[in-house]
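Coordinates as given in entry32.cif (mmCIF, C-alpha atoms):
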data_model
loop_
_atom_site.label_atom_id
_atom_site.label_comp_id
_atom_site.auth_asym_id
_atom_site.auth_seq_id
_atom_site.Cartn_x
_atom_site.Cartn_y
_atom_site.Cartn_z
CA MET A 1 0.00 0.00 0.00
CA LEU A 2 1.02 3.62 -0.35
CA ASP A 3 2.79 5.38 2.51
CA ILE A 4 0.19 7.42 4.42
CA ARG A 5 2.83 10.06 5.09
CA VAL A 6 3.33 10.59 1.36
CA ILE A 7 -0.43 10.97 0.91
CA ARG A 8 -0.63 13.49 3.77
CA GLU A 9 2.30 15.55 2.54
CA ASN A 10 1.54 15.61 -1.19
CA PRO A 11 -2.00 14.42 -1.93
CA GLU A 12 -2.24 16.19 -5.28
CA TYR A 13 0.88 14.45 -6.58
CA VAL A 14 -0.46 11.07 -5.46
CA LYS A 15 -3.81 11.72 -7.13
CA GLN A 16 -2.12 12.84 -10.35
CA ARG A 17 0.06 9.70 -10.52
CA VAL A 18 -2.78 7.29 -9.69
CA LYS A 19 -5.10 9.06 -12.13
CA LEU A 20 -2.70 8.20 -14.98
CA ARG A 21 -3.70 4.55 -14.51
CA GLY A 22 -7.25 5.30 -15.62
CA GLY A 23 -10.35 4.52 -13.59
CA GLU A 24 -11.40 6.31 -10.43
CA HIS A 25 -9.01 4.96 -7.80
CA TRP A 26 -7.54 8.45 -7.43
CA LEU A 27 -10.83 9.61 -5.87
CA LEU A 28 -10.05 7.41 -2.85
CA VAL A 29 -7.09 9.63 -1.93
CA ASP A 30 -9.35 12.36 -0.55
CA ARG A 31 -11.33 9.77 1.40
CA VAL A 32 -8.10 8.45 2.90
CA ILE A 33 -7.14 11.97 4.00
CA GLU A 34 -10.60 12.58 5.53
CA CYS A 35 -10.41 9.26 7.36
CA ASP A 36 -6.86 9.97 8.51
CA GLU A 37 -7.84 13.38 9.88
CA LYS A 38 -10.79 11.82 11.72
CA ARG A 39 -8.58 9.10 13.16
CA ARG A 40 -5.90 11.56 14.27
CA LYS A 41 -8.53 13.82 15.86
CA ILE A 42 -9.84 10.83 17.80
CA GLU A 43 -6.31 9.95 18.91
CA THR A 44 -5.71 13.53 20.07
CA GLU A 45 -8.89 13.48 22.19
CA LYS A 46 -7.98 10.06 23.58
CA GLN A 47 -4.56 11.30 24.60
CA ALA A 48 -6.00 14.39 26.31
CA LEU A 49 -8.60 12.34 28.22
CA SER A 50 -6.01 9.76 29.25
CA GLN A 51 -3.81 12.51 30.63
CA GLU A 52 -6.80 13.98 32.48
CA ARG A 53 -7.65 10.58 33.95
CA ASN A 54 -4.10 9.97 35.12
CA ALA A 55 -3.89 13.41 36.74
CA SER A 56 -7.34 13.04 38.35
CA SER A 57 -6.49 9.64 39.82
CA LYS A 58 -3.66 11.23 41.75
CA LYS A 59 -5.81 14.19 42.73
CA ILE A 60 -8.61 11.97 44.11
CA GLY A 61 -6.15 10.38 46.52
CA VAL A 62 -4.99 13.80 47.71
CA LEU A 63 -8.56 15.02 48.18
CA MET A 64 -9.48 11.95 50.23
CA LYS A 65 -6.46 12.46 52.49
CA GLU A 66 -7.45 16.09 52.99
CA GLY A 67 -11.00 15.12 53.91
CA ARG A 68 -12.53 16.76 50.86
CA GLY A 69 -14.81 13.83 50.11
CA GLU A 70 -17.44 15.73 48.13
CA GLU A 71 -14.87 17.08 45.69
CA ALA A 72 -13.38 13.58 45.39
CA ARG A 73 -16.85 12.15 44.70
CA GLN A 74 -17.49 14.73 41.95
CA LEU A 75 -14.11 14.01 40.41
CA LYS A 76 -14.86 10.27 40.46
CA GLU A 77 -18.12 10.93 38.62
CA ARG A 78 -16.18 12.94 36.07
CA MET A 79 -13.74 10.04 35.67
CA GLY A 80 -16.67 7.72 35.04
CA GLU A 81 -17.72 9.99 32.18
CA VAL A 82 -14.13 10.10 30.92
CA GLY A 83 -13.91 6.31 31.01
CA GLU A 84 -17.12 5.96 29.05
CA ARG A 85 -15.92 8.50 26.48
CA LEU A 86 -12.58 6.68 26.16
CA ARG A 87 -14.38 3.43 25.42
CA GLU A 88 -16.40 5.19 22.72
CA LEU A 89 -13.21 6.66 21.29
CA GLU A 90 -11.46 3.28 21.32
CA SER A 91 -14.28 1.85 19.24
CA ALA A 92 -14.30 4.86 16.91
CA ALA A 93 -10.51 4.73 16.52
CA ALA A 94 -10.60 1.04 15.63
CA ALA A 95 -13.33 1.67 13.06
CA ALA A 96 -11.46 4.63 11.55
CA THR A 97 -8.22 2.63 11.39
CA GLU A 98 -9.99 -0.27 9.67
CA GLU A 99 -11.67 2.10 7.21
CA GLN A 100 -8.36 3.76 6.39
CA GLU A 101 -6.68 0.37 5.96
CA GLN A 102 -9.35 -0.80 3.52
CA LEU A 103 -9.14 2.42 1.53
CA LEU A 104 -5.36 2.16 1.29
CA LEU A 105 -5.63 -1.47 0.13
CA ALA A 106 -7.94 -0.33 -2.68
CA ILE A 107 -5.52 2.29 -4.06
CA PRO A 108 -3.02 0.95 -6.61
CA ASN A 109 0.67 1.77 -6.58
CA MET A 110 1.83 4.98 -8.24
CA PRO A 111 3.42 4.43 -11.66
CA HIS A 112 7.11 5.29 -11.86
CA ASP A 113 7.73 8.91 -12.90
CA GLY A 114 9.48 7.70 -16.05
CA ALA A 115 6.78 5.25 -17.11
CA PRO A 116 5.30 5.90 -20.57
CA VAL A 117 1.91 7.56 -20.30
CA GLY A 118 -0.95 5.81 -22.04
CA ALA A 119 -4.42 4.36 -21.58
CA ASP A 120 -3.85 0.73 -22.56
CA GLU A 121 -1.49 -1.80 -24.12
CA THR A 122 -1.45 0.05 -27.45
CA ALA A 123 0.75 2.67 -25.77
CA ASN A 124 3.40 0.15 -24.62
CA PRO A 125 6.70 0.93 -26.39
CA VAL A 126 8.96 -1.84 -27.69
CA LEU A 127 12.37 -1.34 -26.06
CA ARG A 128 14.40 -4.03 -27.79
CA MET A 129 14.24 -7.24 -29.77
CA TRP A 130 16.52 -10.28 -29.75
CA GLY A 131 17.12 -12.77 -32.51
CA GLU A 132 15.32 -13.18 -35.81
CA LYS A 133 11.90 -14.54 -36.58
CA PRO A 134 12.31 -18.08 -37.94
CA GLN A 135 11.32 -18.30 -41.59
CA ILE A 136 8.63 -20.97 -41.75
CA ALA A 137 6.58 -21.16 -44.93
CA GLU A 138 3.42 -22.65 -43.42
CA PRO A 139 3.85 -22.74 -39.65
CA ARG A 140 1.72 -25.17 -37.66
CA ASP A 141 0.46 -24.10 -34.26
CA HIS A 142 1.33 -25.87 -31.02
CA VAL A 143 -1.98 -27.74 -30.93
CA GLN A 144 -1.36 -29.32 -34.32
CA LEU A 145 2.25 -30.11 -33.45
CA GLY A 146 1.59 -31.30 -29.90
CA VAL A 147 -1.29 -33.60 -30.82
CA ALA A 148 0.43 -35.04 -33.91
CA LEU A 149 3.58 -35.80 -31.89
CA GLY A 150 1.62 -37.26 -28.98
CA LEU A 151 2.85 -34.57 -26.56
CA LEU A 152 -0.47 -32.95 -25.60
CA ASP A 153 -3.87 -34.50 -24.88
CA PHE A 154 -6.55 -31.85 -24.56
CA GLU A 155 -9.45 -34.32 -24.84
CA ALA A 156 -8.27 -36.28 -21.80
CA ALA A 157 -7.80 -33.05 -19.87
CA ALA A 158 -11.35 -31.99 -20.71
CA ARG A 159 -12.73 -35.35 -19.56
CA ILE A 160 -11.12 -35.18 -16.13
CA SER A 161 -11.07 -31.42 -15.43
CA GLY A 162 -12.96 -29.50 -18.11
CA SER A 163 -11.72 -26.89 -20.57
CA GLY A 164 -8.61 -24.86 -19.84
CA PHE A 165 -6.44 -27.75 -18.66
CA ILE A 166 -3.63 -29.81 -20.22
CA VAL A 167 -2.48 -33.41 -20.07
CA TYR A 168 1.14 -33.93 -21.14
CA ARG A 169 2.05 -37.40 -22.40
CA GLY A 170 5.34 -39.18 -22.96
CA ALA A 171 7.96 -36.87 -24.45
CA GLY A 172 5.54 -33.98 -23.82
CA ALA A 173 5.63 -34.55 -20.06
CA ARG A 174 9.39 -35.02 -20.18
CA LEU A 175 9.78 -31.75 -22.09
CA GLU A 176 7.78 -29.88 -19.44
CA ARG A 177 9.88 -31.39 -16.64
CA SER A 178 13.09 -30.67 -18.56
CA LEU A 179 12.13 -27.02 -18.97
CA VAL A 180 11.42 -26.63 -15.23
CA ASN A 181 14.83 -28.07 -14.32
CA PHE A 182 16.58 -25.99 -16.99
CA LEU A 183 14.95 -22.80 -15.68
CA LEU A 184 15.79 -23.50 -12.05
CA ASP A 185 19.39 -24.48 -12.79
CA THR A 186 19.95 -21.36 -14.89
CA GLN A 187 18.62 -19.04 -12.20
CA THR A 188 20.40 -20.73 -9.28
CA LEU A 189 23.72 -21.78 -10.79
CA GLU A 190 24.23 -18.84 -13.17
CA ASN A 191 22.29 -15.93 -11.69
CA GLY A 192 22.69 -16.49 -7.95
CA TYR A 193 19.10 -17.07 -6.81
CA GLN A 194 18.38 -19.34 -3.86
CA GLU A 195 15.90 -22.06 -4.76
CA VAL A 196 13.00 -22.42 -2.33
CA GLY A 197 10.24 -24.99 -2.25
CA VAL A 198 7.01 -23.45 -0.98
CA PRO A 199 3.42 -24.58 -0.28
CA PHE A 200 0.98 -24.32 -3.14
CA MET A 201 -1.75 -22.98 -0.84
CA VAL A 202 -1.52 -19.73 1.14
CA LYS A 203 -3.50 -17.82 3.73
CA ARG A 204 -5.73 -14.95 2.69
CA GLU A 205 -3.43 -12.36 4.27
CA CYS A 206 -0.60 -13.50 1.99
CA MET A 207 -2.74 -12.75 -1.06
CA VAL A 208 -3.51 -9.32 0.39
CA GLY A 209 0.19 -8.80 1.07
CA THR A 210 1.26 -9.11 -2.56
CA GLY A 211 -1.81 -7.31 -3.92
CA GLN A 212 -3.91 -10.09 -5.48
CA LEU A 213 -6.63 -9.36 -2.94
CA PRO A 214 -9.03 -7.77 -2.56
CA LYS A 215 -9.13 -6.53 -6.18
CA PHE A 216 -8.68 -9.80 -8.08
CA GLU A 217 -10.56 -12.23 -5.87
CA GLU A 218 -12.83 -13.47 -8.65
CA ASP A 219 -9.80 -14.74 -10.58
CA MET A 220 -8.53 -16.84 -7.67
CA TYR A 221 -9.33 -20.38 -6.54
CA GLY A 222 -10.37 -20.03 -2.91
CA LEU A 223 -10.71 -22.72 -0.25
CA GLU A 224 -12.37 -22.84 3.17
CA GLY A 225 -14.56 -19.81 2.56
CA ASN A 226 -11.70 -17.98 0.84
CA SER A 227 -9.55 -18.07 3.97
CA MET A 228 -7.04 -20.08 1.92
CA PHE A 229 -6.16 -19.92 -1.78
CA ASN A 230 -4.37 -22.01 -4.37
CA VAL A 231 -1.39 -19.92 -5.44
CA PRO A 232 -1.90 -17.88 -8.64
CA THR A 233 1.89 -17.46 -8.87
CA ALA A 234 4.95 -18.32 -6.75
CA GLU A 235 5.27 -14.57 -6.15
CA VAL A 236 2.73 -14.93 -3.35
CA PRO A 237 4.31 -17.60 -1.10
CA VAL A 238 7.91 -16.62 -1.90
CA THR A 239 7.56 -12.88 -1.22
CA ASN A 240 5.51 -13.59 1.90
CA LEU A 241 8.28 -15.76 3.36
CA TYR A 242 9.44 -12.54 5.00
CA ARG A 243 6.08 -11.01 5.93
CA GLU A 244 5.97 -9.31 9.36
CA GLN A 245 9.76 -9.68 9.66
CA ILE A 246 12.51 -7.19 10.46
CA LEU A 247 15.58 -7.85 8.33
CA ARG A 248 19.08 -6.46 8.58
CA GLU A 249 20.47 -4.28 5.83
CA SER A 250 23.32 -6.77 5.49
CA ASP A 251 20.74 -9.43 4.57
CA LEU A 252 19.82 -7.52 1.40
CA PRO A 253 19.38 -8.19 -1.42
CA ILE A 254 17.56 -11.49 -0.95
CA LYS A 255 17.19 -13.34 -4.26
CA MET A 256 14.90 -16.37 -4.47
CA THR A 257 13.50 -18.59 -7.18
CA ALA A 258 10.79 -21.22 -6.98
CA TYR A 259 8.79 -23.58 -9.13
CA THR A 260 5.06 -23.84 -8.49
CA PRO A 261 1.95 -24.73 -10.41
CA CYS A 262 -0.26 -21.66 -10.75
CA TYR A 263 -4.05 -21.61 -10.53
CA ARG A 264 -6.22 -18.89 -12.09
CA ARG A 265 -9.87 -18.81 -13.02
CA GLU A 266 -9.21 -16.40 -15.92
CA ALA A 267 -12.70 -15.02 -15.32
CA GLY A 268 -14.19 -13.39 -18.38
CA SER A 269 -11.42 -14.49 -20.78
CA ALA A 270 -12.57 -15.63 -24.19
CA GLY A 271 -11.54 -15.85 -27.81
CA ARG A 272 -8.68 -17.41 -29.67
CA GLU A 273 -6.34 -17.27 -26.66
CA ASN A 274 -8.44 -20.01 -25.07
CA LYS A 275 -7.31 -22.42 -27.79
CA GLY A 276 -4.72 -24.96 -26.69
CA MET A 277 -2.39 -24.01 -23.84
CA ILE A 278 -1.99 -20.25 -24.20
CA ARG A 279 -4.54 -19.38 -21.50
CA VAL A 280 -5.25 -22.15 -19.00
CA HIS A 281 -6.46 -22.52 -15.42
CA GLN A 282 -3.42 -24.46 -14.18
CA PHE A 283 0.13 -24.01 -15.43
CA ASP A 284 3.73 -24.33 -14.28
CA LYS A 285 6.00 -21.37 -13.69
CA VAL A 286 9.43 -20.57 -12.28
CA GLU A 287 9.40 -17.24 -10.45
CA LEU A 288 12.18 -14.82 -9.51
CA VAL A 289 11.76 -12.68 -6.36
CA THR A 290 14.11 -10.06 -4.92
CA ILE A 291 13.90 -8.00 -1.72
CA CYS A 292 16.33 -5.09 -1.67
CA ARG A 293 17.15 -1.60 -0.45
CA PRO A 294 15.03 1.15 -2.05
CA GLU A 295 18.06 2.76 -3.68
CA ASP A 296 18.83 -0.49 -5.52
CA GLY A 297 15.32 -1.32 -6.71
CA PHE A 298 15.22 -0.06 -10.28
CA ARG A 299 18.80 -1.12 -11.02
CA ILE A 300 17.91 -4.64 -9.86
CA LEU A 301 14.79 -4.56 -12.06
CA GLU A 302 17.09 -4.25 -15.08
CA GLU A 303 19.19 -7.19 -13.85
CA LEU A 304 16.18 -9.37 -13.08
CA THR A 305 14.70 -8.68 -16.51
CA GLY A 306 18.02 -9.68 -18.05
CA HIS A 307 17.95 -12.95 -16.10
CA ALA A 308 14.54 -13.77 -17.56
CA GLU A 309 15.68 -12.78 -21.05
CA ARG A 310 18.71 -15.04 -20.76
CA ILE A 311 16.39 -18.07 -20.74
CA LEU A 312 15.07 -17.23 -24.20
CA GLN A 313 18.54 -16.40 -25.47
CA LYS A 314 19.92 -19.77 -24.34
CA LEU A 315 17.01 -21.48 -26.09
CA GLY A 316 17.55 -19.38 -29.22
CA LEU A 317 13.96 -18.07 -29.24
CA HIS A 318 13.17 -14.73 -30.87
CA TYR A 319 11.52 -12.25 -28.47
CA ARG A 320 10.95 -8.59 -27.70
CA VAL A 321 10.80 -6.50 -24.52
CA ILE A 322 8.15 -3.85 -23.95
CA GLU A 323 7.58 -1.41 -21.09
CA LEU A 324 4.04 -1.16 -19.76
CA CYS A 325 2.45 2.27 -19.87
CA THR A 326 0.67 3.88 -16.93
CA GLY A 327 -2.72 2.53 -18.01
CA ASP A 328 -1.51 -1.05 -18.41
CA VAL A 329 0.90 -1.56 -15.51
CA GLY A 330 -0.28 -4.01 -12.84
CA PHE A 331 -2.14 -2.93 -9.71
CA SER A 332 0.82 -3.28 -7.32
CA SER A 333 3.63 -2.42 -9.71
CA ALA A 334 5.40 0.89 -10.25
CA LYS A 335 7.37 -0.22 -13.32
CA THR A 336 7.04 -3.34 -15.46
CA TYR A 337 8.78 -4.87 -18.43
CA ASP A 338 7.01 -7.62 -20.36
CA ILE A 339 9.02 -10.13 -22.35
CA GLU A 340 7.08 -11.42 -25.34
CA VAL A 341 8.21 -14.45 -27.31
CA TRP A 342 7.32 -14.96 -30.97
CA ALA A 343 4.84 -17.75 -31.76
CA PRO A 344 4.78 -18.39 -35.53
CA GLY A 345 1.71 -20.62 -35.35
CA GLN A 346 -0.23 -17.80 -33.69
CA GLY A 347 1.31 -15.11 -35.87
CA LYS A 348 1.96 -12.93 -32.82
CA TYR A 349 4.05 -12.36 -29.71
CA LEU A 350 3.02 -13.98 -26.41
CA GLU A 351 3.88 -12.64 -22.98
CA VAL A 352 6.15 -15.18 -21.33
CA SER A 353 7.51 -13.05 -18.48
CA SER A 354 6.47 -9.92 -16.62
CA CYS A 355 9.23 -8.29 -14.52
CA SER A 356 8.16 -5.64 -12.01
CA CYS A 357 9.44 -3.34 -9.29
CA PHE A 358 6.75 -2.79 -6.66
CA THR A 359 8.72 -0.16 -4.70
CA ASP A 360 7.67 -0.45 -1.01
CA TYR A 361 4.02 -1.13 -1.90
CA GLN A 362 3.98 -4.87 -1.16
CA ALA A 363 6.36 -4.61 1.80
CA ARG A 364 3.98 -2.19 3.56
CA ARG A 365 1.06 -4.54 3.00
CA MET A 366 3.15 -7.41 4.43
CA LYS A 367 4.58 -5.30 7.30
CA LEU A 368 8.09 -6.18 6.13
CA ARG A 369 10.90 -3.88 7.31
CA TYR A 370 14.65 -3.77 7.77
CA LYS A 371 17.13 -1.90 9.95
CA ASP A 372 19.72 0.11 8.08
CA ALA A 373 23.35 0.52 9.14
CA GLU A 374 22.39 3.38 11.48
CA GLY A 375 19.68 1.34 13.15
CA ARG A 376 16.80 3.20 11.50
CA MET A 377 13.72 1.21 10.50
CA ARG A 378 13.09 1.28 6.75
CA VAL A 379 10.77 -0.41 4.26
CA PRO A 380 12.44 -2.44 1.48
CA TYR A 381 11.50 -2.72 -2.16
CA THR A 382 10.22 -6.00 -3.62
CA LEU A 383 10.56 -7.19 -7.21
CA ASN A 384 9.56 -10.26 -9.14
CA GLY A 385 9.53 -11.69 -12.60
CA SER A 386 8.56 -14.87 -14.38
CA GLY A 387 11.66 -16.83 -15.11
CA THR A 388 9.59 -17.99 -17.04
CA ALA A 389 5.96 -19.15 -17.43
CA LEU A 390 5.95 -22.64 -18.96
CA PRO A 391 2.89 -22.90 -21.25
CA ARG A 392 3.78 -20.03 -23.55
CA LEU A 393 7.48 -20.95 -23.46
CA TYR A 394 6.39 -24.45 -24.48
CA VAL A 395 4.23 -22.99 -27.27
CA ALA A 396 7.06 -20.83 -28.60
CA LEU A 397 9.54 -23.68 -28.46
CA LEU A 398 7.28 -26.03 -30.43
CA GLU A 399 6.32 -23.40 -32.98
CA GLN A 400 9.73 -21.74 -33.48
CA CYS A 401 11.64 -25.05 -33.53
CA GLN A 402 9.26 -26.97 -35.79
CA GLN A 403 10.76 -28.66 -38.84
CA PRO A 404 9.26 -29.12 -42.34
CA ASP A 405 8.52 -32.81 -41.63
CA GLY A 406 6.48 -31.97 -38.50
CA SER A 407 9.22 -32.83 -36.01
CA VAL A 408 10.53 -30.40 -33.37
CA ARG A 409 14.22 -29.67 -32.83
CA ILE A 410 15.27 -29.40 -29.19
CA PRO A 411 17.51 -26.36 -28.50
CA ASP A 412 21.11 -27.29 -27.68
CA ALA A 413 20.90 -25.87 -24.14
CA LEU A 414 17.94 -28.14 -23.36
CA VAL A 415 19.31 -31.36 -24.83
CA PRO A 416 21.21 -32.40 -21.64
CA TYR A 417 17.91 -32.16 -19.73
CA PHE A 418 15.66 -33.73 -22.35
CA GLY A 419 18.06 -36.41 -23.52
CA GLN A 420 17.57 -36.15 -27.27
CA GLU A 421 17.86 -33.60 -30.06
CA LEU A 422 14.62 -34.15 -31.89
CA ILE A 423 10.98 -34.98 -31.20
CA SER A 424 9.51 -36.83 -34.14
CA PRO A 425 6.31 -38.81 -34.65
CA ALA A 426 8.29 -41.95 -33.90
CA THR A 427 9.51 -40.62 -30.49
#
Turn this file's structure into structure tokens for me.
Amino acid sequence: MLDIRVIRENPEYVKQRVKLRGGEHWLLVDRVIECDEKRRKIETEKQALSQERNASSKKIGVLMKEGRGEEARQLKERMGEVGERLRELESAAAAATEEQEQLLLAIPNMPHDGAPVGADETANPVLRMWGEKPQIAEPRDHVQLGVALGLLDFEAAARISGSGFIVYRGAGARLERSLVNFLLDTQTLENGYQEVGVPFMVKRECMVGTGQLPKFEEDMYGLEGNSMFNVPTAEVPVTNLYREQILRESDLPIKMTAYTPCYRREAGSAGRENKGMIRVHQFDKVELVTICRPEDGFRILEELTGHAERILQKLGLHYRVIELCTGDVGFSSAKTYDIEVWAPGQGKYLEVSSCSCFTDYQARRMKLRYKDAEGRMRVPYTLNGSGTALPRLYVALLEQCQQPDGSVRIPDALVPYFGQELISPAT
């Protein structure tokens, strides 16, 4: 969430930055200020009454010793009124604090000052491209390739789970497993991330901490009355490993990577992207998470994005990097780069990684802090990125590496994991 002190000190700036996202979230800023003023007024009255009660308690004892019983009795009556008022104020303060908390949770992060301004994805600039589009006369899509090669079984998935799920068979399952191991080894052995194995279900407060709730609840798979959730991304359990903790500055940066399945309802999604494995309800992903000092955040975002790009470079897959504009950047993010890999069978680029710096927005929601070298309490920055998401990486690999005879060539970097150089109908 946003720092209440920043909102108090410069509300017009906050409103202007949030307004660039589109929508009406910026209108909540004034309500936060009104609520904050009410809460602070209550706290001021509470403090004054508490001081009066403490002073009167001492005075009652003196009056009783001096035999001034009537004055002591009147003062006791006054203290009864003070006590009743303090109880009312306690209740009002709790309500005001809760109201302010809910309002702050509903306000998205402020886009970075340097973020491109725009209303939607059409305003996202392409920053760079890597590699060349493979020249394929009549490219087949991943569904045609995967079914013909016996890698993917969508009919079986539909029978057991419904639409939006995948069954991998034989070499298809081995390819998925090989990709997961390749991704984890690259990020741990080459890029210095610590691998962590985390639960695939998390408490509600963890989803609030990283910003999936309350806004995106309809897209999540909830359990036990939505007190628990299947993870939509490893970002949630991995970042929350340090929730409500106080770190040391010497601990930072903390770099972690994890594999998890991811579960999303994809409420309201429709169209061609539902075909095959491009948009599904359950998919595998390797996530990168960093917790760092604020002054290092945007430099580390560049590094983290490069670590995700390196996966596609090692696999020899053509891709591009775009920066999300103010109207397209995610709810909790201040700055985001999307990495989009070319899919010849689709005739378009597919997002395979989204790398974001959340500034201190998530850390405040998680009550995560650290002590700097001078012993001052500070709030760190959090970052994450897909390193990468498997379904669309799988799609791009099949479609970019397809051969004229319908076989698929395995990239050299993946061969040691997969165990062979080619997937053919006879595999």
Which residues of segment 279-337 of chain A come within 10 Å of segment 188-192 of chain A, and what is each one's closest atom pair and distance in Å (one decimal), counting only C-alpha atoms, sorted by chain and residue number, as a Markdown table?
| residue | atom | partner | partner_atom | distance |
| --- | --- | --- | --- | --- |
| A:Glu303 | CA | A:Asn191 | CA | 9.5 |
| A:Leu304 | CA | A:Asn191 | CA | 9.1 |
| A:Gly306 | CA | A:Asn191 | CA | 9.9 |
| A:His307 | CA | A:Asn191 | CA | 6.9 |
| A:Ala308 | CA | A:Asn191 | CA | 10.0 |
| A:Arg310 | CA | A:Asn191 | CA | 9.8 |
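Considering all atoms listed in the file, the residue among A:Glu43, A:Asp251, A:Asp412, A:Glu235 positioned nearest to Lys371 of chain A is A:Asp251.
With distances taken over all atoms listed in the file, A:Val208 is the one residue among A:Val208, A:Arg140, A:Val14, A:Arg177 lying closest to Gln102 of chain A.
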Report as JSON lines the residues of segment 372-409 of chain A within 9 Å of segment 339-354 of chain A, each with its shortest atom pair and distance in Å (one decimal), using all atoms listed in the file, ordered by chain and increasing residue number.
{"residue": "A:Asn384", "atom": "CA", "partner": "A:Ser354", "partner_atom": "CA", "distance": 8.1}
{"residue": "A:Gly385", "atom": "CA", "partner": "A:Ser354", "partner_atom": "CA", "distance": 5.4}
{"residue": "A:Ser386", "atom": "CA", "partner": "A:Ser353", "partner_atom": "CA", "distance": 4.6}
{"residue": "A:Gly387", "atom": "CA", "partner": "A:Ser353", "partner_atom": "CA", "distance": 6.5}
{"residue": "A:Thr388", "atom": "CA", "partner": "A:Ser353", "partner_atom": "CA", "distance": 5.6}
{"residue": "A:Ala389", "atom": "CA", "partner": "A:Val352", "partner_atom": "CA", "distance": 5.6}
{"residue": "A:Leu390", "atom": "CA", "partner": "A:Val352", "partner_atom": "CA", "distance": 7.8}
{"residue": "A:Pro391", "atom": "CA", "partner": "A:Val352", "partner_atom": "CA", "distance": 8.4}
{"residue": "A:Arg392", "atom": "CA", "partner": "A:Val352", "partner_atom": "CA", "distance": 5.8}
{"residue": "A:Leu393", "atom": "CA", "partner": "A:Val352", "partner_atom": "CA", "distance": 6.3}
{"residue": "A:Val395", "atom": "CA", "partner": "A:Ala343", "partner_atom": "CA", "distance": 6.9}
{"residue": "A:Ala396", "atom": "CA", "partner": "A:Ala343", "partner_atom": "CA", "distance": 4.9}
{"residue": "A:Leu397", "atom": "CA", "partner": "A:Ala343", "partner_atom": "CA", "distance": 8.3}
{"residue": "A:Leu398", "atom": "CA", "partner": "A:Ala343", "partner_atom": "CA", "distance": 8.7}
{"residue": "A:Glu399", "atom": "CA", "partner": "A:Pro344", "partner_atom": "CA", "distance": 5.8}
{"residue": "A:Gln400", "atom": "CA", "partner": "A:Pro344", "partner_atom": "CA", "distance": 6.3}
Restricted to C-alpha atoms, what would the selected residues look like written as an mmCIF file, keeping the file's coordinate frame?
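The resulting selection_21.cif:
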data_model
loop_
_atom_site.group_PDB
_atom_site.id
_atom_site.type_symbol
_atom_site.label_atom_id
_atom_site.label_comp_id
_atom_site.auth_asym_id
_atom_site.auth_seq_id
_atom_site.Cartn_x
_atom_site.Cartn_y
_atom_site.Cartn_z
ATOM 1 C CA ASN A 384 9.560 -10.260 -9.140
ATOM 2 C CA GLY A 385 9.530 -11.690 -12.600
ATOM 3 C CA SER A 386 8.560 -14.870 -14.380
ATOM 4 C CA GLY A 387 11.660 -16.830 -15.110
ATOM 5 C CA THR A 388 9.590 -17.990 -17.040
ATOM 6 C CA ALA A 389 5.960 -19.150 -17.430
ATOM 7 C CA LEU A 390 5.950 -22.640 -18.960
ATOM 8 C CA PRO A 391 2.890 -22.900 -21.250
ATOM 9 C CA ARG A 392 3.780 -20.030 -23.550
ATOM 10 C CA LEU A 393 7.480 -20.950 -23.460
ATOM 11 C CA VAL A 395 4.230 -22.990 -27.270
ATOM 12 C CA ALA A 396 7.060 -20.830 -28.600
ATOM 13 C CA LEU A 397 9.540 -23.680 -28.460
ATOM 14 C CA LEU A 398 7.280 -26.030 -30.430
ATOM 15 C CA GLU A 399 6.320 -23.400 -32.980
ATOM 16 C CA GLN A 400 9.730 -21.740 -33.480
#
| query | Got a sec to resolve the PyMOL selection byres ((chain A and resi 422) around 6) on this structure and send the residues as number ranges by chain? | reply | A: 408-410, 420-421, 423
| message | Need to verify the contact set: segment 318-330 of chain A, 9 Å, all atoms listed in the file, exclusion of same-chain residues closer than 6 positions in sequence. Can you return it as a PyMOL selection string? | response | chain A and resi 17-18+20-22+108-112+115-134+309+312+336-343+349-350+356+396+400
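Minimum atom-to-atom distance to Ser333 of chain A, evaluated using all atoms listed in the file, belongs to A:Ile107 out of A:Val198, A:Ile107, A:Ala93, A:Leu223.
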| query | Given the file above and the PyMOL selection byres ((chain A and resi 277) around 12), which residues are selected, and can you give them as a VMD selection string? | reply | chain A and resid 141 to 144 146 to 147 152 to 154 157 163 to 168 272 to 276 278 to 284 346 350 389 to 396 398
| query | Which residue, A:Val6, A:Met256, A:Ile42, A:Met201, has the smallest gap to Asn226 of chain A when you use all atoms listed in the file? | reply | A:Met201
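Applied to the shown file, the PyMOL selection byres ((chain A and resi 220) around 8) selects the residues Phe216, Glu217, Glu218, Asp219, Tyr221, Gly222, Phe229, Asn230, Pro232, Tyr263, Arg264 and Arg265 of chain A.
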Selection export as a short mmCIF file (atom, residue, chain, number, x, y, z; two decimals), in the coordinates of the input, atoms kept: C-alpha atoms:
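Written out: selection09.cif:
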data_model
loop_
_atom_site.label_atom_id
_atom_site.label_comp_id
_atom_site.auth_asym_id
_atom_site.auth_seq_id
_atom_site.Cartn_x
_atom_site.Cartn_y
_atom_site.Cartn_z
CA PHE A 216 -8.68 -9.80 -8.08
CA GLU A 217 -10.56 -12.23 -5.87
CA GLU A 218 -12.83 -13.47 -8.65
CA ASP A 219 -9.80 -14.74 -10.58
CA TYR A 221 -9.33 -20.38 -6.54
CA GLY A 222 -10.37 -20.03 -2.91
CA PHE A 229 -6.16 -19.92 -1.78
CA ASN A 230 -4.37 -22.01 -4.37
CA PRO A 232 -1.90 -17.88 -8.64
CA TYR A 263 -4.05 -21.61 -10.53
CA ARG A 264 -6.22 -18.89 -12.09
CA ARG A 265 -9.87 -18.81 -13.02
#
